[in-house]
$ cat model20.cif   # mmCIF, C-alpha atoms and all ligand atoms
data_input
#
loop_
_atom_site.label_atom_id
_atom_site.label_comp_id
_atom_site.auth_asym_id
_atom_site.auth_seq_id
_atom_site.Cartn_x
_atom_site.Cartn_y
_atom_site.Cartn_z
CA MET A 1 -42.04 25.57 5.17
CA GLN A 2 -39.53 24.95 7.96
CA LYS A 3 -42.22 25.42 10.57
CA HIS A 4 -44.30 22.76 8.88
CA THR A 5 -41.45 20.29 8.79
CA LEU A 6 -40.86 20.84 12.48
CA LEU A 7 -44.53 20.32 13.27
CA TYR A 8 -44.56 17.21 11.12
CA LEU A 9 -41.55 15.78 12.95
CA LEU A 10 -43.15 16.60 16.28
CA VAL A 11 -46.30 14.71 15.33
CA ILE A 12 -44.23 11.69 14.27
CA PHE A 13 -42.25 11.82 17.49
CA ILE A 14 -45.36 11.99 19.68
CA SER A 15 -47.16 9.15 17.92
CA ALA A 16 -43.98 7.04 18.01
CA SER A 17 -43.62 7.50 21.76
CA CYS A 18 -47.31 6.70 22.29
CA ASN A 19 -46.85 3.46 20.39
CA THR A 20 -43.91 2.42 22.53
CA GLU A 21 -45.99 2.95 25.66
CA ILE A 22 -48.72 0.67 24.35
CA ASP A 23 -46.13 -1.97 23.41
CA ASN A 24 -44.60 -1.88 26.88
CA THR A 25 -47.86 -2.47 28.69
CA THR A 26 -48.87 -5.42 26.52
CA GLU A 27 -45.44 -6.94 27.08
CA GLU A 28 -45.74 -6.55 30.87
CA ARG A 29 -49.13 -8.21 30.83
CA SER A 30 -47.85 -11.23 28.94
CA ILE A 31 -44.95 -11.60 31.38
CA GLU A 32 -47.41 -11.72 34.29
CA ARG A 33 -49.30 -14.54 32.64
CA THR A 34 -46.30 -16.80 32.00
CA GLU A 35 -45.34 -19.64 34.37
CA LEU A 36 -42.77 -19.30 37.17
CA SER A 37 -39.22 -19.20 35.86
CA MET A 38 -36.90 -22.13 36.63
CA ASP A 39 -35.00 -20.05 39.20
CA SER A 40 -38.09 -19.00 41.10
CA LYS A 41 -39.38 -22.58 41.06
CA ILE A 42 -36.14 -23.83 42.63
CA PHE A 43 -36.25 -20.97 45.14
CA LEU A 44 -39.86 -21.76 46.06
CA GLY A 45 -39.12 -25.51 46.21
CA ASN A 46 -36.20 -24.90 48.54
CA ARG A 47 -38.44 -22.87 50.86
CA LEU A 48 -41.21 -25.48 50.78
CA PHE A 49 -38.70 -28.26 51.52
CA SER A 50 -38.13 -26.53 54.90
CA GLU A 51 -41.67 -25.27 55.48
CA LYS A 52 -43.24 -28.67 54.77
CA THR A 53 -40.71 -30.31 57.17
CA CYS A 54 -39.02 -32.52 54.54
CA ILE A 55 -35.71 -31.09 55.77
CA THR A 56 -36.20 -32.59 59.25
CA CYS A 57 -35.77 -36.09 57.77
CA HIS A 58 -33.86 -35.39 54.52
CA SER A 59 -30.64 -33.39 54.43
CA VAL A 60 -29.05 -32.48 51.13
CA ASP A 61 -26.08 -34.84 51.16
CA ARG A 62 -26.09 -37.10 54.20
CA LYS A 63 -28.49 -39.68 55.58
CA LYS A 64 -30.76 -38.51 58.41
CA VAL A 65 -34.04 -40.24 59.26
CA GLY A 66 -34.53 -40.64 55.50
CA PRO A 67 -32.07 -40.86 52.60
CA SER A 68 -30.30 -37.66 51.46
CA VAL A 69 -31.69 -35.65 48.56
CA VAL A 70 -28.57 -36.46 46.54
CA ASP A 71 -29.07 -40.22 47.10
CA ILE A 72 -32.76 -40.01 46.27
CA MET A 73 -32.10 -38.05 43.09
CA GLN A 74 -29.32 -40.37 41.95
CA ILE A 75 -31.71 -43.32 42.00
CA TYR A 76 -34.62 -41.35 40.53
CA THR A 77 -32.44 -40.11 37.67
CA GLU A 78 -30.97 -43.58 37.00
CA LYS A 79 -34.38 -45.19 36.87
CA ASN A 80 -36.01 -42.20 35.18
CA ALA A 81 -38.64 -42.26 37.94
CA ASP A 82 -41.15 -39.58 38.87
CA ILE A 83 -40.94 -38.00 42.34
CA VAL A 84 -44.27 -36.20 42.04
CA SER A 85 -45.96 -39.51 41.29
CA PHE A 86 -44.36 -41.09 44.40
CA LEU A 87 -45.33 -38.15 46.61
CA ARG A 88 -48.92 -38.37 45.33
CA GLY A 89 -48.95 -42.06 46.34
CA HIS A 90 -49.18 -43.25 42.73
CA SER A 91 -45.89 -45.17 42.60
CA GLU A 92 -43.92 -47.51 44.84
CA PRO A 93 -40.75 -46.51 46.76
CA ILE A 94 -37.50 -47.35 44.98
CA VAL A 95 -34.83 -45.75 47.20
CA ASP A 96 -35.28 -47.54 50.53
CA THR A 97 -37.72 -50.43 50.47
CA THR A 98 -37.24 -51.56 54.09
CA PRO A 99 -40.87 -51.82 55.32
CA SER A 100 -40.26 -49.84 58.55
CA GLU A 101 -38.61 -46.99 56.57
CA VAL A 102 -41.28 -47.02 53.89
CA ALA A 103 -43.94 -46.73 56.62
CA ILE A 104 -42.38 -43.48 57.90
CA MET A 105 -42.54 -41.83 54.47
CA GLN A 106 -45.91 -43.40 53.69
CA ALA A 107 -47.37 -41.67 56.77
CA ASN A 108 -46.41 -38.31 55.20
CA ILE A 109 -47.96 -39.24 51.86
CA ASP A 110 -51.19 -40.26 53.61
CA GLY A 111 -50.99 -37.24 55.89
CA PHE A 112 -49.90 -33.68 55.21
CA LEU A 113 -48.92 -34.32 51.57
CA LYS A 114 -52.61 -34.76 50.72
CA GLU A 115 -53.04 -31.00 51.34
CA ILE A 116 -50.19 -29.88 49.10
CA THR A 117 -51.02 -28.27 45.72
CA ASP A 118 -49.69 -29.52 42.35
CA GLU A 119 -47.67 -26.30 41.96
CA GLU A 120 -46.02 -26.83 45.35
CA LEU A 121 -45.17 -30.47 44.57
CA ASP A 122 -43.80 -29.46 41.20
CA ALA A 123 -41.60 -26.81 42.86
CA ILE A 124 -40.32 -29.31 45.48
CA ALA A 125 -39.49 -31.86 42.75
CA THR A 126 -37.72 -29.19 40.67
CA TYR A 127 -35.69 -28.13 43.69
CA MET A 128 -34.70 -31.75 44.46
CA MET A 129 -33.65 -32.33 40.84
CA HIS A 130 -31.35 -29.34 40.90
CA VAL A 131 -29.70 -30.04 44.25
CA THR A 132 -27.66 -32.86 42.65
CA LYS A 133 -26.43 -30.72 39.77
CA LYS A 134 -24.33 -28.47 42.05
C1 LIG B 201 -40.62 -38.12 59.36
C2 LIG B 201 -39.53 -38.19 58.43
C3 LIG B 201 -39.77 -37.80 56.98
C4 LIG B 201 -40.31 -36.63 56.48
C5 LIG B 201 -40.88 -35.45 57.26
C6 LIG B 201 -40.20 -36.70 55.04
N1 LIG B 201 -39.63 -37.89 54.67
FE1 LIG B 201 -39.28 -38.50 52.76
N2 LIG B 201 -38.55 -40.30 53.48
C7 LIG B 201 -38.43 -40.63 54.82
C8 LIG B 201 -37.91 -41.98 54.92
C9 LIG B 201 -37.62 -42.74 56.21
C10 LIG B 201 -37.71 -42.44 53.60
C11 LIG B 201 -37.16 -43.83 53.16
C12 LIG B 201 -38.28 -44.77 52.77
C13 LIG B 201 -38.63 -44.71 51.32
O1 LIG B 201 -37.71 -44.65 50.47
O2 LIG B 201 -39.83 -44.71 50.99
C14 LIG B 201 -38.13 -41.36 52.71
C15 LIG B 201 -38.10 -41.39 51.32
C16 LIG B 201 -38.40 -40.32 50.50
C17 LIG B 201 -38.27 -40.35 49.05
C18 LIG B 201 -37.80 -41.55 48.22
C19 LIG B 201 -38.92 -42.52 48.00
C20 LIG B 201 -38.51 -43.80 47.32
O3 LIG B 201 -38.73 -43.91 46.10
O4 LIG B 201 -37.98 -44.71 47.99
C21 LIG B 201 -38.66 -39.12 48.59
C22 LIG B 201 -38.71 -38.66 47.13
C23 LIG B 201 -39.00 -38.33 49.73
N3 LIG B 201 -38.85 -39.09 50.88
C24 LIG B 201 -39.42 -37.01 49.68
C25 LIG B 201 -39.86 -36.29 50.79
C26 LIG B 201 -40.41 -34.94 50.69
C27 LIG B 201 -40.52 -34.12 49.42
C28 LIG B 201 -40.78 -34.60 51.96
C29 LIG B 201 -41.47 -33.31 52.40
C30 LIG B 201 -42.71 -32.98 51.70
C31 LIG B 201 -40.45 -35.71 52.83
N4 LIG B 201 -39.90 -36.72 52.09
C32 LIG B 201 -40.66 -35.73 54.19
C33 LIG B 201 -38.75 -39.84 55.89
C34 LIG B 201 -39.35 -38.59 55.83
#

$ encode --input "model20.cif" --output "structure tokens"
Amino acid sequence: MQKHTLLYLLVIFISASCNTEIDNTTEERSIERTELSMDSKIFLGNRLFSEKTCITCHSVDRKKVGPSVVDIMQIYTEKNADIVSFLRGHSEPIVDTTPSEVAIMQANIDGFLKEITDEELDAIATYMMHVTKK
């Protein structure tokens, strides 16, 4: 009788541990399929901001060739405007509308920004949005 109980418990234990293994793998697979987390998007956006040379003209908090990221974001937040749309060439500049300045940024939009993917633009925009919140 005792032997049987032991065997019975062993069977339960083994099938329980098998089930957990199956659960774990399905969970891992669904994590792989989900979108980038907010943190990794900001991290990627930060890297792209340097790699795509934005940083050469835009520093975080002081004017360089172009307005600072903080200044840009202040105006974009106030006006509830869409950076991705601007960078895709779908909306007009609202930060600095001096024609000679606009022409500098417009050259980027017509140039290397045409090659950038939607995911990369989304990451850059997310990074810029979060710079101001520090
Ligand atoms: C060669 C210099 C230069 C580079 C490189 C550059 N910018 Fe700019 N950017 C400017 C200048 C100058 C302005 C001001 C004119 C304007 O506001 O359109 C500007 C303006 C902007 C604005 C505000 C537009 C508005 O509504 O007025 C955004 C957003 C922006 N840049 C994002 C970027 C991003 C993102 C990158 C990199 C992918 C980048 N810029 C690369 C010079 C540059």

$ closest_residue --input "model20.cif" --among "A:Gly111, A:Glu120, A:Cys54, A:Ala103" --to "ligand LIG 201 (chain B)" --atoms "only C-alpha atoms and all ligand atoms"
A:Cys54

$ residues_near_ligand --input "model20.cif" --ligand "ligand LIG 201 (chain B)" --cutoff "9 Å" --atoms "all atoms listed in the file" --output "ChimeraX atom specification"
/A:48-58,64-69,71-73,75-76,81-84,86-87,91-109,112-113,116,121,124-125,128

$ atom_distance --input "model20.cif" --atom1 "CA of Lys41 in chain A" --atom2 "CA of Thr126 in chain A"
6.8 Å

$ axis_aligned_box --input "model20.cif" --around "range 57-69 of chain A" --padding-each-side "5 Å" --output "JSON"
{"center_x": -30.9, "center_y": -36.7, "center_z": 53.9, "size_x": 19.7, "size_y": 18.4, "size_z": 20.7}

$ atom_distance --input "model20.cif" --atom1 "CA of Leu44 in chain A" --atom2 "CA of Ala123 in chain A"
6.2 Å

$ atom_distance --input "model20.cif" --atom1 "CA of Asp118 in chain A" --atom2 "CA of Asp61 in chain A"
25.8 Å
